[in-house]
Amino acid sequence: MTHFWDDLFAEGDEPDLEAVLLNREERVKKTALFANRYPESTVVTFKLNIPGPIKSNEKIIRLYEFGMSGFLKQMNMSFKVLESVHEFKPTGPEGFCAIQGSPVKIKKCAVELENSPIGALYDIDVYCMMKDQLMSISRKDLEYPERKCLICSHEAKQCAGRRVHSVKELQQAIIDRCTMEGSM
């Protein structure tokens with residue numbers, strides 16, 4: 001039996017390493033611009049953890065939109081979202097938000113979402129201005145454990161750093177999580 005998500009990585013945009021690194025630099029600059037535009041607010045970046053060469057296609061965008069809309073809905077229940085911008089590029093979809101609220105409380109909400117089975121695919125970073133410097137609020141700052149690997153119970157950074165799992169295994173784990181989540 002085939003499922004909707006089975007061909008998630010069959011085709012799509014395959015940016016080269018230079019494009020991915022350039023996009024990372026651009027994301028840092030856009031985050032800083034958001035922080036300067038909303039210095040009293042919390043800035044959030046939202047993207048996907050997508051292993052392998054394919055970073056964007058119709059289904060990856062759908063996965064992003066499902067997660068981002070859920071995140072924004074959660075934020076609007078407790079905080080005021082001042083602005084959110086979404087970009088759909090070959091390097092993958094990503095969003096930037098300015099939210100009026102405690103960066104610690106917002107990070108706790110982000111971690112809660114990231115800890116859900118489908119949320120493990122999301123990468124939500126939270127920033128705030130402190131003494132004219134953009135500061136990241138990390139899991140460690142909140143004394144939360146590091147993210148777990150999509151496949152095993154070890155820390156994701158350890159598995160990624162040592163390349164314990166193949167890209168194909170990681171992609172299959174993502175397909176399995178999307179299939180379990182059902183229709184998005």
# chains A, B, ... in the order shown; residues from 1 in each chain; ligands from 1
$ select_by_dssp --residues "region 19-159 of chain A" --states "strand (DSSP E)" --output "PyMOL selection string"
chain A and resi 42-48+80-89+92-100+122-130+133-137
$ write_last_selection --atoms "C-alpha atoms" --output "PDB file, in the first residue's frame"
ATOM      1  CA  THR A  42      11.084  37.944  20.537  1.00  0.00           C
ATOM      2  CA  VAL A  43      12.240  36.841  17.084  1.00  0.00           C
ATOM      3  CA  VAL A  44      11.632  33.285  15.939  1.00  0.00           C
ATOM      4  CA  THR A  45      12.990  31.459  12.912  1.00  0.00           C
ATOM      5  CA  PHE A  46      11.180  28.334  11.739  1.00  0.00           C
ATOM      6  CA  LYS A  47      12.539  25.827   9.246  1.00  0.00           C
ATOM      7  CA  LEU A  48      12.693  22.095   8.642  1.00  0.00           C
ATOM      8  CA  LYS A  80       0.751  38.626  20.004  1.00  0.00           C
ATOM      9  CA  VAL A  81       2.378  37.835  16.670  1.00  0.00           C
ATOM     10  CA  LEU A  82       3.464  41.201  15.272  1.00  0.00           C
ATOM     11  CA  GLU A  83       4.723  39.962  11.912  1.00  0.00           C
ATOM     12  CA  SER A  84       5.461  36.685  10.168  1.00  0.00           C
ATOM     13  CA  VAL A  85       7.201  36.274   6.843  1.00  0.00           C
ATOM     14  CA  HIS A  86       7.504  33.035   4.896  1.00  0.00           C
ATOM     15  CA  GLU A  87      10.064  32.301   2.209  1.00  0.00           C
ATOM     16  CA  PHE A  88       9.998  29.367  -0.198  1.00  0.00           C
ATOM     17  CA  LYS A  89      13.409  28.857  -1.724  1.00  0.00           C
ATOM     18  CA  GLY A  92      13.893  24.924   1.820  1.00  0.00           C
ATOM     19  CA  PRO A  93      10.988  26.836   3.287  1.00  0.00           C
ATOM     20  CA  GLU A  94      11.595  29.066   6.290  1.00  0.00           C
ATOM     21  CA  GLY A  95       9.779  31.639   8.341  1.00  0.00           C
ATOM     22  CA  PHE A  96      10.604  34.637  10.476  1.00  0.00           C
ATOM     23  CA  CYS A  97       8.309  35.921  13.236  1.00  0.00           C
ATOM     24  CA  ALA A  98       8.299  38.836  15.636  1.00  0.00           C
ATOM     25  CA  ILE A  99       6.282  37.940  18.719  1.00  0.00           C
ATOM     26  CA  GLN A 100       5.387  40.108  21.685  1.00  0.00           C
ATOM     27  CA  TYR A 122      10.961  21.374  12.823  1.00  0.00           C
ATOM     28  CA  ASP A 123      13.843  23.625  13.758  1.00  0.00           C
ATOM     29  CA  ILE A 124      12.540  26.564  15.780  1.00  0.00           C
ATOM     30  CA  ASP A 125      15.100  29.076  17.022  1.00  0.00           C
ATOM     31  CA  VAL A 126      14.220  31.858  19.454  1.00  0.00           C
ATOM     32  CA  TYR A 127      16.119  35.145  19.795  1.00  0.00           C
ATOM     33  CA  CYS A 128      15.896  38.368  21.749  1.00  0.00           C
ATOM     34  CA  MET A 129      17.878  41.576  22.044  1.00  0.00           C
ATOM     35  CA  MET A 130      19.950  41.933  25.216  1.00  0.00           C
ATOM     36  CA  GLN A 133      23.095  42.093  21.064  1.00  0.00           C
ATOM     37  CA  LEU A 134      21.000  39.393  19.445  1.00  0.00           C
ATOM     38  CA  MET A 135      20.946  36.432  21.815  1.00  0.00           C
ATOM     39  CA  SER A 136      19.678  32.940  21.163  1.00  0.00           C
ATOM     40  CA  ILE A 137      17.576  31.152  23.774  1.00  0.00           C
TER      41      ILE A 137
END
$ select_by_dssp --residues "region 22-170 of chain A" --states "helix (DSSP H, G or I)" --output "ChimeraX atom specification"
/A:22-37,58-78,103-114,119-121,140-142,156-162,167-170
$ atom_distance --atom1 "CA of Ala156 (chain A)" --atom2 "CA of Pro90 (chain A)"
24.4 Å
$ residues_around --residues "Asp132 (chain A)" --least-positions-apart "5" --cutoff "12 Å" --atoms "only C-alpha atoms" --output "short mmCIF file (atom, residue, chain, number, x, y, z; two decimals) with C-alpha atoms, in the first residue's frame"
data_model
loop_
_atom_site.label_atom_id
_atom_site.label_comp_id
_atom_site.auth_asym_id
_atom_site.auth_seq_id
_atom_site.Cartn_x
_atom_site.Cartn_y
_atom_site.Cartn_z
CA ALA A 32 19.05 40.51 12.91
CA ALA A 35 15.33 42.00 15.82
CA ASN A 36 16.26 45.58 14.95
CA PRO A 39 13.78 45.32 19.50
CA GLU A 40 11.31 44.78 22.34
#
$ closest_residue --among "A:Ile118, A:Met180, A:Ile174, A:Ala110" --to "Phe9 (chain A)" --atoms "only C-alpha atoms"
A:Ile174
$ closest_residue --among "A:Lys55, A:His3, A:Arg37, A:Arg177" --to "Val20 (chain A)" --atoms "only C-alpha atoms"
A:Lys55
$ residues_around --residues "Thr179 (chain A)" --least-positions-apart "5" --cutoff "12 Å" --atoms "only C-alpha atoms" --output "list in words"
Met1, Thr2, His3, Phe4, Trp5, Asp6, Asp7, Leu8, Leu63, Pro117, Ile118, Gln172, Ala173, Ile174 and Met184 of chain A
$ atom_distance --atom1 "CA of Tyr38 (chain A)" --atom2 "CA of Ile61 (chain A)"
27.0 Å
$ closest_residue --among "A:Glu58, A:Asn49, A:Phe66, A:Phe71" --to "Arg147 (chain A)" --atoms "only C-alpha atoms"
A:Asn49
$ residues_around --residues "Cys152 (chain A)" --least-positions-apart "3" --cutoff "12 Å" --atoms "only C-alpha atoms" --output "JSON, numbers by chain"
{"A": [147, 148, 149, 155, 156, 157, 158, 159, 160, 164, 165, 169, 170, 173]}
$ write_last_selection --atoms "C-alpha atoms" --output "mmCIF file, in the first residue's frame"
data_model
loop_
_atom_site.group_PDB
_atom_site.id
_atom_site.type_symbol
_atom_site.label_atom_id
_atom_site.label_comp_id
_atom_site.auth_asym_id
_atom_site.auth_seq_id
_atom_site.Cartn_x
_atom_site.Cartn_y
_atom_site.Cartn_z
ATOM 1 C CA ARG A 147 17.041 16.957 20.835
ATOM 2 C CA LYS A 148 16.839 13.227 20.231
ATOM 3 C CA CYS A 149 17.772 11.544 16.983
ATOM 4 C CA GLU A 155 21.288 13.046 21.001
ATOM 5 C CA ALA A 156 20.646 14.198 17.436
ATOM 6 C CA LYS A 157 23.869 16.243 17.321
ATOM 7 C CA GLN A 158 25.943 13.180 18.233
ATOM 8 C CA CYS A 159 24.369 11.005 15.556
ATOM 9 C CA ALA A 160 24.605 13.756 12.932
ATOM 10 C CA VAL A 164 25.572 7.197 12.462
ATOM 11 C CA HIS A 165 22.526 6.899 10.185
ATOM 12 C CA GLU A 169 17.414 5.936 6.875
ATOM 13 C CA LEU A 170 16.752 9.489 8.069
ATOM 14 C CA ALA A 173 12.122 8.026 9.421
#
$ closest_residue --among "A:Gln171, A:Ser102, A:Asn23, A:Ser56" --to "Met75 (chain A)" --atoms "only C-alpha atoms"
A:Ser102
$ atom_distance --atom1 "CA of Leu121 (chain A)" --atom2 "CA of Gly70 (chain A)"
13.5 Å
$ closest_residue --among "A:Ile151, A:Ile50, A:Leu72, A:Leu113" --to "Asp176 (chain A)" --atoms "only C-alpha atoms"
A:Ile151
$ closest_residue --among "A:Ser166, A:Ser153, A:Thr91, A:Ser138" --to "Ala19 (chain A)" --atoms "only C-alpha atoms"
A:Thr91
$ decode --residues "region 5-72 of chain A" --atoms "C-alpha atoms" --output "compact mmCIF listing (two decimals), in the first residue's frame"
# COMPACT_ATOMS: atom_id res chain seq x y z
CA TRP A 5 4.30 10.77 1.87
CA ASP A 6 6.14 7.79 0.32
CA ASP A 7 7.61 9.92 -2.47
CA LEU A 8 8.51 12.89 -0.25
CA PHE A 9 12.13 12.82 -1.42
CA ALA A 10 11.58 11.51 -4.97
CA GLU A 11 12.18 14.87 -6.62
CA GLY A 12 12.61 18.52 -5.80
CA ASP A 13 15.11 21.34 -5.49
CA GLU A 14 18.68 20.19 -4.82
CA PRO A 15 20.72 23.25 -3.86
CA ASP A 16 24.48 22.87 -3.75
CA LEU A 17 26.49 23.33 -0.55
CA GLU A 18 27.39 26.90 -1.48
CA ALA A 19 23.69 27.83 -1.79
CA VAL A 20 22.90 26.22 1.57
CA LEU A 21 25.75 28.06 3.31
CA LEU A 22 24.82 31.36 1.64
CA ASN A 23 21.21 30.89 2.77
CA ARG A 24 22.41 30.31 6.34
CA GLU A 25 24.25 33.66 6.22
CA GLU A 26 21.15 35.36 4.79
CA ARG A 27 18.99 33.86 7.54
CA VAL A 28 21.32 35.31 10.20
CA LYS A 29 21.06 38.75 8.55
CA LYS A 30 17.25 38.55 8.25
CA THR A 31 16.97 37.50 11.88
CA ALA A 32 19.05 40.51 12.91
CA LEU A 33 16.90 42.81 10.72
CA PHE A 34 13.75 41.48 12.40
CA ALA A 35 15.33 42.00 15.82
CA ASN A 36 16.26 45.58 14.95
CA ARG A 37 12.76 46.27 13.60
CA TYR A 38 11.17 44.80 16.74
CA PRO A 39 13.78 45.32 19.50
CA GLU A 40 11.31 44.78 22.34
CA SER A 41 10.00 41.53 20.87
CA THR A 42 11.08 37.94 20.54
CA VAL A 43 12.24 36.84 17.08
CA VAL A 44 11.63 33.28 15.94
CA THR A 45 12.99 31.46 12.91
CA PHE A 46 11.18 28.33 11.74
CA LYS A 47 12.54 25.83 9.25
CA LEU A 48 12.69 22.09 8.64
CA ASN A 49 15.36 19.52 9.44
CA ILE A 50 15.64 17.86 6.02
CA PRO A 51 18.54 15.46 5.45
CA GLY A 52 19.86 14.79 1.98
CA PRO A 53 20.08 16.77 -1.24
CA ILE A 54 16.38 17.54 -1.80
CA LYS A 55 15.42 20.54 0.33
CA SER A 56 12.19 21.74 -1.24
CA ASN A 57 9.22 20.41 -3.15
CA GLU A 58 5.45 20.60 -2.90
CA LYS A 59 5.24 18.07 -0.04
CA ILE A 60 8.12 19.59 1.93
CA ILE A 61 6.36 22.96 1.65
CA ARG A 62 3.14 21.33 2.83
CA LEU A 63 4.97 19.88 5.85
CA TYR A 64 6.40 23.34 6.61
CA GLU A 65 3.00 25.04 6.29
CA PHE A 66 1.40 22.46 8.59
CA GLY A 67 4.03 23.07 11.27
CA MET A 68 4.22 26.83 10.88
CA SER A 69 0.44 27.28 10.96
CA GLY A 70 0.24 25.16 14.12
CA PHE A 71 3.06 27.13 15.70
CA LEU A 72 1.47 30.49 14.83
